[in-house]
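Student: Structure file my_file-v1.csv (CSV, C-alpha atoms) right here:
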```csv
chain,number,residue,atom,x,y,z
A,1,VAL,CA,-120.9,103.3,28.3
A,2,ALA,CA,-120.8,100.2,30.6
A,3,GLY,CA,-117.5,101.5,31.9
A,4,ARG,CA,-115.9,102.0,28.5
A,5,ARG,CA,-114.7,105.4,27.1
A,6,VAL,CA,-116.7,106.5,24.1
A,7,ALA,CA,-115.8,109.1,21.4
A,8,LEU,CA,-118.8,111.1,20.2
A,9,TRP,CA,-118.4,113.0,16.9
A,10,ARG,CA,-120.6,114.7,14.4
A,11,GLY,CA,-119.9,114.5,10.7
A,12,GLU,CA,-120.2,117.6,8.5
A,13,SER,CA,-123.7,116.4,7.5
A,14,GLY,CA,-124.8,116.7,11.1
A,15,ARG,CA,-125.0,112.9,11.7
A,16,ILE,CA,-123.7,111.8,15.1
A,17,PHE,CA,-121.5,108.8,15.8
A,18,ALA,CA,-120.4,106.9,19.0
A,19,TRP,CA,-117.3,104.8,18.8
A,20,GLU,CA,-114.9,103.1,21.2
A,21,ASP,CA,-112.4,105.8,22.1
A,22,ARG,CA,-109.4,104.0,20.9
A,23,CYS,CA,-107.6,103.9,17.5
A,24,PRO,CA,-106.9,100.3,16.5
A,25,HIS,CA,-103.4,101.4,15.3
A,26,ARG,CA,-101.6,102.6,18.4
A,27,GLY,CA,-104.4,103.0,20.9
A,28,MET,CA,-104.6,106.8,20.8
A,29,ARG,CA,-107.9,108.2,22.0
A,30,LEU,CA,-110.0,109.1,18.9
A,31,SER,CA,-111.6,111.8,21.0
A,32,PHE,CA,-108.4,113.8,20.3
A,33,GLY,CA,-108.9,113.4,16.6
A,34,PHE,CA,-110.4,115.7,14.0
A,35,VAL,CA,-113.4,115.5,11.6
A,36,ARG,CA,-113.1,115.9,7.8
A,37,ASP,CA,-116.3,115.4,5.8
A,38,GLU,CA,-117.8,112.2,7.2
A,39,LYS,CA,-114.6,110.8,8.5
A,40,LEU,CA,-112.9,110.9,11.9
A,41,ALA,CA,-109.1,110.9,11.8
A,42,CYS,CA,-106.8,109.9,14.6
A,43,ILE,CA,-104.5,112.8,15.7
A,44,TYR,CA,-101.5,110.5,16.1
A,45,HIS,CA,-100.9,109.1,12.6
A,46,GLY,CA,-103.9,110.4,10.8
A,47,TRP,CA,-105.6,107.1,10.1
A,48,ALA,CA,-109.1,108.1,8.9
A,49,PHE,CA,-112.3,106.1,9.6
A,50,ASP,CA,-115.6,106.3,7.7
A,51,PHE,CA,-119.1,106.5,9.3
A,52,ASP,CA,-119.1,102.7,9.6
A,53,GLY,CA,-115.9,102.8,11.6
A,54,ARG,CA,-113.8,101.2,8.9
A,55,CYS,CA,-110.3,102.6,8.2
A,56,VAL,CA,-110.4,104.2,4.7
A,57,ALA,CA,-107.0,106.0,4.7
A,58,ILE,CA,-103.5,105.6,6.1
A,59,PRO,CA,-101.5,108.8,5.3
A,60,ALA,CA,-98.1,106.9,5.5
A,61,HIS,CA,-99.4,104.6,2.7
A,62,PRO,CA,-101.6,106.7,0.5
A,63,GLU,CA,-101.8,104.1,-2.3
A,64,MET,CA,-102.8,101.3,0.0
A,65,THR,CA,-106.5,100.3,0.5
A,66,PRO,CA,-106.7,99.4,4.2
A,67,PRO,CA,-108.1,95.9,5.0
A,68,ALA,CA,-111.7,95.8,6.1
A,69,SER,CA,-110.6,94.2,9.4
A,70,ILE,CA,-109.2,97.6,10.5
A,71,SER,CA,-112.2,99.2,12.2
A,72,VAL,CA,-113.4,100.9,15.3
A,73,PRO,CA,-116.2,99.3,17.3
A,74,ALA,CA,-119.3,101.5,17.1
A,75,TYR,CA,-122.2,101.9,19.5
A,76,PRO,CA,-125.8,102.6,18.6
A,77,VAL,CA,-126.6,106.3,19.0
A,78,ALA,CA,-129.7,108.5,18.9
A,79,GLU,CA,-130.6,112.1,19.5
A,80,SER,CA,-133.8,113.1,21.3
A,81,HIS,CA,-134.9,115.6,23.9
A,82,GLY,CA,-131.7,117.7,23.6
A,83,MET,CA,-129.5,114.8,24.5
A,84,VAL,CA,-127.4,112.2,22.8
A,85,TRP,CA,-128.2,108.6,23.8
A,86,VAL,CA,-125.6,105.9,23.5
A,87,GLY,CA,-126.2,102.2,24.2
A,88,GLU,CA,-124.5,98.8,24.1
A,89,SER,CA,-127.3,97.4,21.9
A,90,ASP,CA,-129.8,98.9,19.5
A,91,GLU,CA,-132.5,98.7,22.1
A,92,ASP,CA,-130.4,100.7,24.6
A,93,ALA,CA,-130.2,103.7,22.3
A,94,THR,CA,-133.9,103.6,21.2
A,95,VAL,CA,-135.7,106.6,22.8
A,96,THR,CA,-139.0,108.2,22.1
A,97,ALA,CA,-138.7,111.0,19.6
A,98,ALA,CA,-139.3,114.4,21.0
A,99,ASP,CA,-142.4,116.2,19.9
A,100,GLN,CA,-140.9,119.6,20.9
A,101,GLU,CA,-137.5,121.1,20.6
A,102,PHE,CA,-135.5,120.7,23.8
A,103,ARG,CA,-132.5,122.7,25.0
A,104,PRO,CA,-130.0,121.4,27.6
A,105,VAL,CA,-130.2,123.1,31.0
A,106,ARG,CA,-127.7,121.4,33.3
A,107,SER,CA,-126.1,118.1,34.2
A,108,ILE,CA,-125.6,117.0,37.8
A,109,THR,CA,-123.7,114.1,39.2
A,110,ALA,CA,-124.3,112.5,42.6
A,111,ALA,CA,-122.7,109.7,44.6
A,112,VAL,CA,-125.8,107.6,44.6
A,113,PRO,CA,-127.0,104.7,42.4
A,114,ALA,CA,-129.0,105.6,39.3
A,115,ALA,CA,-132.2,104.3,40.8
A,116,ASP,CA,-131.8,106.5,43.8
A,117,LEU,CA,-131.2,109.6,41.7
A,118,GLU,CA,-134.2,108.8,39.6
A,119,SER,CA,-136.3,108.4,42.8
A,120,VAL,CA,-135.2,111.8,44.1
A,121,LEU,CA,-136.0,113.4,40.8
A,122,ASP,CA,-139.4,111.6,40.6
A,123,GLY,CA,-140.3,112.9,44.1
A,124,THR,CA,-139.2,116.4,43.6
A,125,PRO,CA,-140.9,118.0,40.5
A,126,PRO,CA,-139.9,121.4,39.4
A,127,PRO,CA,-142.2,124.1,40.8
A,128,GLY,CA,-145.5,124.2,39.0
A,129,MET,CA,-145.0,121.0,37.2
A,130,GLN,CA,-146.3,117.4,37.4
A,131,ARG,CA,-144.7,114.1,36.5
A,132,VAL,CA,-145.7,112.7,33.1
A,133,GLU,CA,-144.8,109.5,31.3
A,134,ALA,CA,-141.9,109.5,28.9
A,135,PRO,CA,-140.2,106.1,28.3
A,136,GLY,CA,-136.5,106.3,29.3
A,137,LEU,CA,-136.8,109.7,30.9
A,138,VAL,CA,-138.0,111.4,34.1
A,139,ALA,CA,-140.4,114.0,32.7
A,140,PHE,CA,-142.5,116.8,34.0
A,141,GLU,CA,-145.0,119.1,32.3
A,142,SER,CA,-146.5,122.5,33.2
A,143,GLY,CA,-150.1,123.5,32.6
A,144,HIS,CA,-148.8,125.6,29.7
A,145,GLY,CA,-147.3,122.6,27.8
A,146,ILE,CA,-143.6,123.3,28.9
A,147,ARG,CA,-141.8,120.0,29.4
A,148,VAL,CA,-138.7,119.3,31.5
A,149,VAL,CA,-136.9,116.0,31.0
A,150,ALA,CA,-134.0,114.3,32.8
A,151,GLY,CA,-132.0,111.5,31.3
A,152,ILE,CA,-130.3,109.3,34.0
A,153,GLN,CA,-126.8,108.1,33.2
A,154,PRO,CA,-125.4,105.4,35.5
A,155,ARG,CA,-121.6,106.1,36.0
A,156,THR,CA,-120.6,103.5,38.5
A,157,GLU,CA,-122.5,101.2,40.9
A,158,ASN,CA,-122.8,104.1,43.3
A,159,SER,CA,-122.8,107.3,41.2
A,160,ALA,CA,-125.1,108.6,38.5
A,161,SER,CA,-125.7,111.8,36.5
A,162,ALA,CA,-129.0,113.4,35.5
A,163,HIS,CA,-129.0,115.5,32.3
A,164,VAL,CA,-131.8,118.1,32.3
A,165,ALA,CA,-133.3,119.7,29.3
A,166,VAL,CA,-136.4,121.9,28.7
A,167,SER,CA,-138.7,122.7,25.9
A,168,GLY,CA,-138.9,126.4,25.0
A,169,GLU,CA,-136.5,129.4,25.4
A,170,ASP,CA,-137.6,131.1,28.6
A,171,PRO,CA,-134.3,132.3,30.3
A,172,GLU,CA,-135.9,132.7,33.7
A,173,LEU,CA,-137.3,129.2,33.6
A,174,ARG,CA,-133.8,127.9,32.6
A,175,LYS,CA,-132.3,129.7,35.6
A,176,ALA,CA,-134.9,128.3,38.0
A,177,LEU,CA,-134.3,124.8,36.6
A,178,CYS,CA,-130.6,125.2,37.2
A,179,ALA,CA,-131.3,125.9,40.9
A,180,TRP,CA,-133.8,123.0,41.0
A,181,ALA,CA,-131.0,120.6,39.6
A,182,VAL,CA,-128.7,121.8,42.4
A,183,GLU,CA,-131.4,121.0,45.0
A,184,ILE,CA,-131.8,117.5,43.4
A,185,ARG,CA,-128.1,116.9,43.8
A,186,SER,CA,-128.2,118.1,47.4
A,187,SER,CA,-131.2,115.8,48.2
A,188,ALA,CA,-129.4,112.9,46.6
A,189,ARG,CA,-126.3,113.6,48.6
A,190,GLY,CA,-128.4,113.8,51.8
A,191,ARG,CA,-130.0,110.4,50.9
A,192,ALA,CA,-126.5,108.9,50.4
A,193,GLU,CA,-125.4,110.2,53.8
A,194,GLU,CA,-128.4,108.8,55.6
A,195,VAL,CA,-127.7,105.4,54.1
A,196,ALA,CA,-124.1,105.6,55.1
A,197,VAL,CA,-124.8,106.3,58.8
A,198,PRO,CA,-125.1,103.0,60.8
```
Transcribe the structure of this file into structure tokens.

Tutor:
Amino acid sequence: VAGRRVALWRGESGRIFAWEDRCPHRGMRLSFGFVRDEKLACIYHGWAFDFDGRCVAIPAHPEMTPPASISVPAYPVAESHGMVWVGESDEDATVTAADQEFRPVRSITAAVPAADLESVLDGTPPPGMQRVEAPGLVAFESGHGIRVVAGIQPRTENSASAHVAVSGEDPELRKALCAWAVEIRSSARGRAEEVAVP
């Protein structure tokens, strides 16, 4: 997120969290840690952090109550359309709730800016589908109510990913959408090569 590593984890209740991927103790990546109940523990020295990111246990000092100042910066996070959305502010992670159940299909990454990848997606709907409005997503719908959505993730100034999900369970459609995503990536690469040629 904005060039910073993020540790995503899910508590035993199913709630999902997004934190800076760095333990405040020795800088170990929290993404190597482990989940117990609603706490994420660092793999290095076992420091455990509650759902607010506050340190609640230091195994080397079991009788000590860790000061409130020992905490991990958290990011706003939301789940919708079969994807996890992480932002820098609460507005960034606010997405429209899905009115259907979505399943991930495929993620693609291309060496083009996010706006260019979105433009390629926008101009290349999956076969038999038309573009529909869905805030924060590139979305398509068939005449039978099946929806395909793509969430655009900027990676750098000149690279982005599209994460594709679909409503429904049709395995043939999922296979066709995988091929469509590969075509999108090829089209985005072609666009980047055209821009690079003087």

Student: Could you give me, as a list in words, the residues within 8 Å of stretch 177-185 of chain A, counting all atoms listed in the file and dropping anything in the same chain fewer than 5 positions from it?

Tutor: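 Surrounding residues, per the criterion: Val105, Arg106, Ser107, Ile108, Thr109, Ala110, Val120, Leu121, Thr124, Pro126 and Val164 of chain A.
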
Student: With 9 Å as the threshold, what does the neighbourhood of (-122.0, 100.7, 39.0) contain in terms of residues, counting only C-alpha atoms? Coordinates are those of the file; answer as a VMD selection string.

Tutor: chain A and resid 2 to 3 113 to 114 154 to 160

Student: Which polymer residues have any atom within 9 Å of an atom of A:Glu169, counting only C-alpha atoms, with same-chain residues fewer than 5 positions away left out, as a PyMOL selection string?

Tutor: chain A and resi 102-103+174

Student: Separation of atom CA of A:Ala162 and atom CA of A:Gly33, in Å?

Tutor: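 So the two atoms, atom CA of A:Ala162 and atom CA of A:Gly33, lie 27.6 Å apart.
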
Student: Using atom CA of A:Ser80 and atom CA of A:Cys42 as the two end points, give the distance in Å to one decimal.

Tutor: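 Rounded to one decimal, the two atoms are 28.0 Å apart.
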
Student: So how far away is atom CA of A:Trp85 from atom CA of A:Ala188, in Å?

Tutor: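 These atoms are spaced 23.2 Å apart.
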
Student: List the spatial neighbours of A:Met28 as number ranges by chain - criterion: any atom at most 8 Å away, all atoms listed in the file, same-chain residues fewer than 6 positions off excluded.

Tutor: A: 21-22, 42-44

Student: Find, counting only C-alpha atoms, the residue in A:Gly11, A:Gly53, A:Pro127, A:Gly46 that gets nearest to A:Ser69.

Tutor: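 Selected residue with least distance to A:Ser69: A:Gly53.
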
Student: In terms of the shortest atom-to-atom distance over all atoms listed in the file, which of A:Trp47, A:Ala41, A:Cys55, A:Glu20 is closest to A:Ala74?

Tutor: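 Among the listed residues, A:Glu20 lies closest to A:Ala74.
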
Student: How would you write as number ranges by chain the residues that get within 10 Å of (-129.5, 111.8, 16.7) in the file's frame, counting only C-alpha atoms?

Tutor: A: 10, 14-17, 77-86, 93, 97

Student: Give the answer as one residue: which of A:Gly87, A:Asp37, A:Met64, A:Phe49 has the shortest atom-to-atom distance to A:Arg4, using only C-alpha atoms?

Tutor: A:Gly87

Student: Pick from A:Trp9, A:Phe51, A:Tyr75, A:Phe140: nearest to A:Ser31, with all atoms listed in the file counted?

Tutor: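 Residue with the minimum atom-to-atom distance to A:Ser31: A:Trp9.
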
Student: Given the choices A:Val166, A:Phe34, A:Gln100, A:Gly27, which gets closest to A:Val72 if the distance is worked out from all atoms listed in the file?

Tutor: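 Checking each candidate against A:Val72, we get A:Gly27 as the closest.
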
Student: Taking into account only C-alpha atoms, which residue in the set A:Gly123, A:Pro59, A:Pro67, A:Pro104 is nearest to A:Ser167?

Tutor: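 Closest to A:Ser167 of all the choices is A:Pro104.
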